[in-house]
Structure formats: structure tokens, C-alpha cells
Amino acid sequence: VPTGRRSVVTGGAGFIGSHLVEALLDRGDTVTVIDDLSTGDRANLASVWNHPSFEFVEGSILDRPFLRSVMTGTDRVFHLAAAVGVHVIIDEPLQSLRTNIHGTENVVDLA
């Protein structure tokens with residue numbers, strides 16, 4: 001039974017995000033995934049890729065105009081996008097902080 005809800009999942013191509021997307025689609029949501037694929041993978045979404053209520057949008061949560069355009073009209077947002085992994089954090093600490101702090105700020109503010 002469709003819920004009529006429009007959900008956005010940031011970081012939806014990650015392991016946890018992809019399972020959340022499956023569950024939301026099973027509940028009847030229309031789901032848009034935002035992911036920059038820095039650590040996520042399209043392959044994680046293979047089971048839902050052709051689902052009529054699924055949309056994948058590649059982009060960054062640091063890009064506020066992009067984020068606004070995707071989130072407009074959304075009923076709820078599940079924010080899972082983050083710089084993760086020991087190597088990512090050690091190799092790119094400043095970019096990791098930007099993503100995790102400013103990206104989250106963008107998502108919360110626009111929500």
C-alpha cells in the first residue's frame with residue numbers, strides 16, 4: 001500500500017542506506033537517494049534500481065543549491081551521508097570535517 005510519502009536518503013548508496021531505501025520502498029514511499037559515491041556504490045542499490053518509485057541523484061550534500069532542488073517537496077529526510085572510513089579521515093581530514101559538519105548543517109537547515 002503506497003504511503004504517499006516522499007523520502008530522501010542522503011548516503012543511500014552505502015551499506016546501511018541501501019537497506020533503508022529497500023525498506024522505505026517496501027512501505028510504499030517514493031525514495032530519492034542523494035550520494036556522491038565517494039564511499040557508496042551503485043551496486044548496493046541494484047535490487048531497487050528499476051523500481052518505479054526510486055530515483056538516484058549523484059551529488060554532494062555540500063552543494064546547497066543542488067541539495068535544495070532535490071529536497072524541495074520532501075516529506076522526510078534520512079541523513080546518512082558522511083565521510084567515513086579510517087583512510088578517508090586520515091588522508092583527507094579537512095574535507096572529512098567539511099562534509100560531516102557543513103554537509104549535515106545544509107541537510108538539517110533545508111529540512
# chains A, B, ... in the order shown; residues from 1 in each chain; ligands from 1
call {"tool": "residues_around", "arguments": {"residues": "region 77-90 of chain A", "least_positions_apart": "4", "cutoff": "10 Å", "atoms": "only C-alpha atoms", "output": "ChimeraX atom specification"}}
result
/A:6-14,16-17,20-21,31-40,60-61,71,94-101,103-104,107-108,110-111
call {"tool": "residues_around", "arguments": {"residues": "region 46-52 of chain A", "least_positions_apart": "4", "cutoff": "9 Å", "atoms": "only C-alpha atoms", "output": "list in words"}}
result
Ser18, Val21, Glu22, Leu25, Thr30, Arg42 and Phe56 of chain A
call {"tool": "write_last_selection", "arguments": {"atoms": "C-alpha atoms", "output": "mmCIF file, in the first residue's frame"}}
result
data_model
loop_
_atom_site.group_PDB
_atom_site.id
_atom_site.type_symbol
_atom_site.label_atom_id
_atom_site.label_comp_id
_atom_site.auth_asym_id
_atom_site.auth_seq_id
_atom_site.Cartn_x
_atom_site.Cartn_y
_atom_site.Cartn_z
ATOM 1 C CA SER A 18 20.698 0.963 0.644
ATOM 2 C CA VAL A 21 15.930 2.519 0.791
ATOM 3 C CA GLU A 22 14.667 -1.041 0.265
ATOM 4 C CA LEU A 25 10.161 1.347 -0.948
ATOM 5 C CA THR A 30 8.776 7.349 -3.180
ATOM 6 C CA ARG A 42 25.512 1.985 -7.125
ATOM 7 C CA PHE A 56 19.133 8.167 -7.743
#
call {"tool": "select_by_dssp", "arguments": {"residues": "chain A", "states": "alpha helix (DSSP H)", "output": "mmCIF file with N, CA and C atoms, in the first residue's frame"}}
result
data_model
loop_
_atom_site.group_PDB
_atom_site.id
_atom_site.type_symbol
_atom_site.label_atom_id
_atom_site.label_comp_id
_atom_site.auth_asym_id
_atom_site.auth_seq_id
_atom_site.Cartn_x
_atom_site.Cartn_y
_atom_site.Cartn_z
ATOM 1 N N PHE A 15 26.055 0.944 2.542
ATOM 2 C CA PHE A 15 25.508 -0.338 3.006
ATOM 3 C C PHE A 15 24.219 -0.145 3.791
ATOM 4 N N ILE A 16 24.251 0.691 4.808
ATOM 5 C CA ILE A 16 23.062 0.909 5.639
ATOM 6 C C ILE A 16 21.986 1.651 4.849
ATOM 7 N N GLY A 17 22.393 2.691 4.126
ATOM 8 C CA GLY A 17 21.442 3.484 3.354
ATOM 9 C C GLY A 17 20.681 2.667 2.337
ATOM 10 N N SER A 18 21.359 1.764 1.671
ATOM 11 C CA SER A 18 20.698 0.963 0.644
ATOM 12 C C SER A 18 19.635 0.051 1.249
ATOM 13 N N HIS A 19 19.887 -0.460 2.434
ATOM 14 C CA HIS A 19 18.881 -1.296 3.105
ATOM 15 C C HIS A 19 17.699 -0.456 3.577
ATOM 16 N N LEU A 20 17.970 0.766 4.018
ATOM 17 C CA LEU A 20 16.888 1.679 4.387
ATOM 18 C C LEU A 20 16.025 1.992 3.164
ATOM 19 N N VAL A 21 16.663 2.238 2.031
ATOM 20 C CA VAL A 21 15.930 2.519 0.791
ATOM 21 C C VAL A 21 15.001 1.350 0.448
ATOM 22 N N GLU A 22 15.503 0.136 0.536
ATOM 23 C CA GLU A 22 14.667 -1.041 0.265
ATOM 24 C C GLU A 22 13.450 -1.067 1.187
ATOM 25 N N ALA A 23 13.672 -0.810 2.476
ATOM 26 C CA ALA A 23 12.575 -0.843 3.449
ATOM 27 C C ALA A 23 11.546 0.255 3.170
ATOM 28 N N LEU A 24 12.018 1.446 2.828
ATOM 29 C CA LEU A 24 11.096 2.549 2.527
ATOM 30 C C LEU A 24 10.260 2.254 1.284
ATOM 31 N N LEU A 25 10.898 1.716 0.266
ATOM 32 C CA LEU A 25 10.161 1.347 -0.948
ATOM 33 C C LEU A 25 9.146 0.251 -0.650
ATOM 34 N N ASP A 26 9.521 -0.720 0.175
ATOM 35 C CA ASP A 26 8.595 -1.791 0.558
ATOM 36 C C ASP A 26 7.381 -1.239 1.300
ATOM 37 N N ARG A 27 7.569 -0.126 2.017
ATOM 38 C CA ARG A 27 6.470 0.511 2.762
ATOM 39 C C ARG A 27 5.599 1.384 1.859
ATOM 40 N N ARG A 64 24.735 23.249 -1.672
ATOM 41 C CA ARG A 64 23.448 23.684 -1.116
ATOM 42 C C ARG A 64 22.356 23.894 -2.179
ATOM 43 N N PRO A 65 22.629 24.579 -3.309
ATOM 44 C CA PRO A 65 21.579 24.732 -4.328
ATOM 45 C C PRO A 65 21.100 23.383 -4.884
ATOM 46 N N PHE A 66 22.034 22.480 -5.116
ATOM 47 C CA PHE A 66 21.680 21.131 -5.580
ATOM 48 C C PHE A 66 20.801 20.435 -4.545
ATOM 49 N N LEU A 67 21.229 20.491 -3.307
ATOM 50 C CA LEU A 67 20.502 19.843 -2.220
ATOM 51 C C LEU A 67 19.091 20.419 -2.099
ATOM 52 N N ARG A 68 18.984 21.732 -2.181
ATOM 53 C CA ARG A 68 17.662 22.382 -2.108
ATOM 54 C C ARG A 68 16.756 21.873 -3.223
ATOM 55 N N SER A 69 17.287 21.777 -4.427
ATOM 56 C CA SER A 69 16.463 21.355 -5.560
ATOM 57 C C SER A 69 15.968 19.922 -5.393
ATOM 58 N N VAL A 70 16.779 19.066 -4.819
ATOM 59 C CA VAL A 70 16.376 17.671 -4.635
ATOM 60 C C VAL A 70 15.416 17.523 -3.453
ATOM 61 N N MET A 71 15.627 18.302 -2.406
ATOM 62 C CA MET A 71 14.830 18.153 -1.188
ATOM 63 C C MET A 71 13.492 18.894 -1.223
ATOM 64 N N VAL A 86 38.569 4.898 8.074
ATOM 65 C CA VAL A 86 39.817 5.374 8.664
ATOM 66 C C VAL A 86 40.701 6.054 7.629
ATOM 67 N N HIS A 87 40.852 5.444 6.463
ATOM 68 C CA HIS A 87 41.743 6.019 5.440
ATOM 69 C C HIS A 87 41.235 7.360 4.937
ATOM 70 N N VAL A 88 39.926 7.469 4.742
ATOM 71 C CA VAL A 88 39.351 8.732 4.278
ATOM 72 C C VAL A 88 39.601 9.833 5.297
ATOM 73 N N ILE A 89 39.350 9.544 6.555
ATOM 74 C CA ILE A 89 39.503 10.544 7.613
ATOM 75 C C ILE A 89 40.964 10.938 7.783
ATOM 76 N N ILE A 90 41.865 9.973 7.749
ATOM 77 C CA ILE A 90 43.295 10.263 7.926
ATOM 78 C C ILE A 90 43.867 10.974 6.703
ATOM 79 N N ASP A 91 43.502 10.514 5.511
ATOM 80 C CA ASP A 91 44.062 11.082 4.286
ATOM 81 C C ASP A 91 43.494 12.460 3.953
ATOM 82 N N PRO A 93 41.536 14.879 6.272
ATOM 83 C CA PRO A 93 40.823 15.284 7.491
ATOM 84 C C PRO A 93 39.985 16.551 7.330
ATOM 85 N N LEU A 94 40.499 17.550 6.635
ATOM 86 C CA LEU A 94 39.741 18.796 6.489
ATOM 87 C C LEU A 94 38.494 18.587 5.636
ATOM 88 N N GLN A 95 38.630 17.878 4.535
ATOM 89 C CA GLN A 95 37.463 17.597 3.683
ATOM 90 C C GLN A 95 36.450 16.731 4.425
ATOM 91 N N SER A 96 36.932 15.810 5.233
ATOM 92 C CA SER A 96 36.035 14.974 6.029
ATOM 93 C C SER A 96 35.230 15.822 7.005
ATOM 94 N N LEU A 97 35.890 16.762 7.668
ATOM 95 C CA LEU A 97 35.197 17.659 8.590
ATOM 96 C C LEU A 97 34.178 18.526 7.857
ATOM 97 N N THR A 104 26.062 18.236 6.965
ATOM 98 C CA THR A 104 24.954 17.997 7.901
ATOM 99 C C THR A 104 24.194 19.276 8.185
ATOM 100 N N GLU A 105 24.914 20.367 8.338
ATOM 101 C CA GLU A 105 24.262 21.668 8.541
ATOM 102 C C GLU A 105 23.330 21.992 7.373
ATOM 103 N N ASN A 106 23.794 21.763 6.149
ATOM 104 C CA ASN A 106 22.955 22.012 4.965
ATOM 105 C C ASN A 106 21.695 21.161 4.988
ATOM 106 N N VAL A 107 21.852 19.876 5.255
ATOM 107 C CA VAL A 107 20.702 18.972 5.246
ATOM 108 C C VAL A 107 19.696 19.377 6.312
ATOM 109 N N VAL A 108 20.169 19.631 7.519
ATOM 110 C CA VAL A 108 19.263 19.985 8.614
ATOM 111 C C VAL A 108 18.579 21.325 8.357
ATOM 112 N N ASP A 109 19.321 22.290 7.890
ATOM 113 C CA ASP A 109 18.755 23.601 7.614
ATOM 114 C C ASP A 109 17.688 23.531 6.527
ATOM 115 N N LEU A 110 17.945 22.803 5.468
ATOM 116 C CA LEU A 110 16.988 22.714 4.372
ATOM 117 C C LEU A 110 15.789 21.830 4.723
#
call {"tool": "select_by_dssp", "arguments": {"residues": "chain A", "states": "strand (DSSP E or B)", "output": "PyMOL selection string"}}
result
chain A and resi 6-10+30-35+54-58+76-79
call {"tool": "atom_distance", "arguments": {"atom1": "CA of Gly59 (chain A)", "atom2": "CA of Glu92 (chain A)"}}
result
18.7 Å
call {"tool": "atom_distance", "arguments": {"atom1": "CA of Gly73 (chain A)", "atom2": "CA of Asp41 (chain A)"}}
result
25.9 Å
call {"tool": "atom_distance", "arguments": {"atom1": "CA of Asp63 (chain A)", "atom2": "CA of Arg5 (chain A)"}}
result
24.3 Å
call {"tool": "decode", "arguments": {"residues": "region 8-98 of chain A", "atoms": "C-alpha atoms", "output": "compact mmCIF listing (two decimals), in the first residue's frame"}}
result
# COMPACT_ATOMS: atom_id res chain seq x y z
CA VAL A 8 15.12 11.47 0.62
CA VAL A 9 18.04 9.34 1.81
CA THR A 10 21.42 11.04 1.79
CA GLY A 11 24.19 8.48 1.56
CA GLY A 12 21.67 5.99 0.22
CA ALA A 13 24.23 4.10 -1.85
CA GLY A 14 26.06 2.99 1.28
CA PHE A 15 25.51 -0.34 3.01
CA ILE A 16 23.06 0.91 5.64
CA GLY A 17 21.44 3.48 3.35
CA SER A 18 20.70 0.96 0.64
CA HIS A 19 18.88 -1.30 3.10
CA LEU A 20 16.89 1.68 4.39
CA VAL A 21 15.93 2.52 0.79
CA GLU A 22 14.67 -1.04 0.27
CA ALA A 23 12.57 -0.84 3.45
CA LEU A 24 11.10 2.55 2.53
CA LEU A 25 10.16 1.35 -0.95
CA ASP A 26 8.60 -1.79 0.56
CA ARG A 27 6.47 0.51 2.76
CA GLY A 28 5.27 2.40 -0.31
CA ASP A 29 7.41 5.55 -0.16
CA THR A 30 8.78 7.35 -3.18
CA VAL A 31 12.51 7.46 -2.48
CA THR A 32 15.23 9.72 -3.82
CA VAL A 33 18.82 8.86 -2.97
CA ILE A 34 21.47 11.57 -2.88
CA ASP A 35 25.01 10.19 -2.91
CA ASP A 36 28.35 11.44 -4.21
CA LEU A 37 29.61 7.84 -4.43
CA SER A 38 32.79 8.69 -2.51
CA THR A 39 32.24 5.62 -0.34
CA GLY A 40 28.85 4.35 -1.52
CA ASP A 41 28.32 2.20 -4.59
CA ARG A 42 25.51 1.98 -7.13
CA ALA A 43 25.77 -1.80 -6.85
CA ASN A 44 24.30 -1.56 -3.35
CA LEU A 45 21.09 -0.30 -4.98
CA ALA A 46 20.89 -2.97 -7.68
CA SER A 47 17.78 -4.56 -6.19
CA VAL A 48 15.81 -1.28 -6.42
CA TRP A 49 17.42 0.41 -9.41
CA ASN A 50 14.42 -0.16 -11.71
CA HIS A 51 11.76 0.35 -9.05
CA PRO A 52 9.19 2.90 -10.34
CA SER A 53 9.29 4.86 -7.06
CA PHE A 54 13.08 5.10 -6.88
CA GLU A 55 15.36 7.88 -8.08
CA PHE A 56 19.13 8.17 -7.74
CA VAL A 57 20.78 11.58 -7.89
CA GLU A 58 24.55 11.85 -7.79
CA GLY A 59 25.74 14.91 -5.92
CA SER A 60 27.19 16.33 -2.74
CA ILE A 61 25.47 17.48 0.43
CA LEU A 62 27.98 20.34 0.38
CA ASP A 63 26.27 21.73 -2.75
CA ARG A 64 23.45 23.68 -1.12
CA PRO A 65 21.58 24.73 -4.33
CA PHE A 66 21.68 21.13 -5.58
CA LEU A 67 20.50 19.84 -2.22
CA ARG A 68 17.66 22.38 -2.11
CA SER A 69 16.46 21.35 -5.56
CA VAL A 70 16.38 17.67 -4.63
CA MET A 71 14.83 18.15 -1.19
CA THR A 72 12.04 20.53 -2.25
CA GLY A 73 8.69 18.89 -1.60
CA THR A 74 10.15 16.12 0.52
CA ASP A 75 8.15 14.81 3.46
CA ARG A 76 11.14 13.43 5.35
CA VAL A 77 14.89 13.12 5.12
CA PHE A 78 17.10 10.34 6.39
CA HIS A 79 20.60 11.75 6.64
CA LEU A 80 23.25 9.03 6.34
CA ALA A 81 25.80 10.81 4.14
CA ALA A 82 29.18 11.22 5.81
CA ALA A 83 32.88 10.95 5.25
CA VAL A 84 33.62 7.53 6.71
CA GLY A 85 36.47 5.08 6.95
CA VAL A 86 39.82 5.37 8.66
CA HIS A 87 41.74 6.02 5.44
CA VAL A 88 39.35 8.73 4.28
CA ILE A 89 39.50 10.54 7.61
CA ILE A 90 43.29 10.26 7.93
CA ASP A 91 44.06 11.08 4.29
CA GLU A 92 41.59 13.98 3.99
CA PRO A 93 40.82 15.28 7.49
CA LEU A 94 39.74 18.80 6.49
CA GLN A 95 37.46 17.60 3.68
CA SER A 96 36.04 14.97 6.03
CA LEU A 97 35.20 17.66 8.59
CA ARG A 98 33.62 19.85 5.90
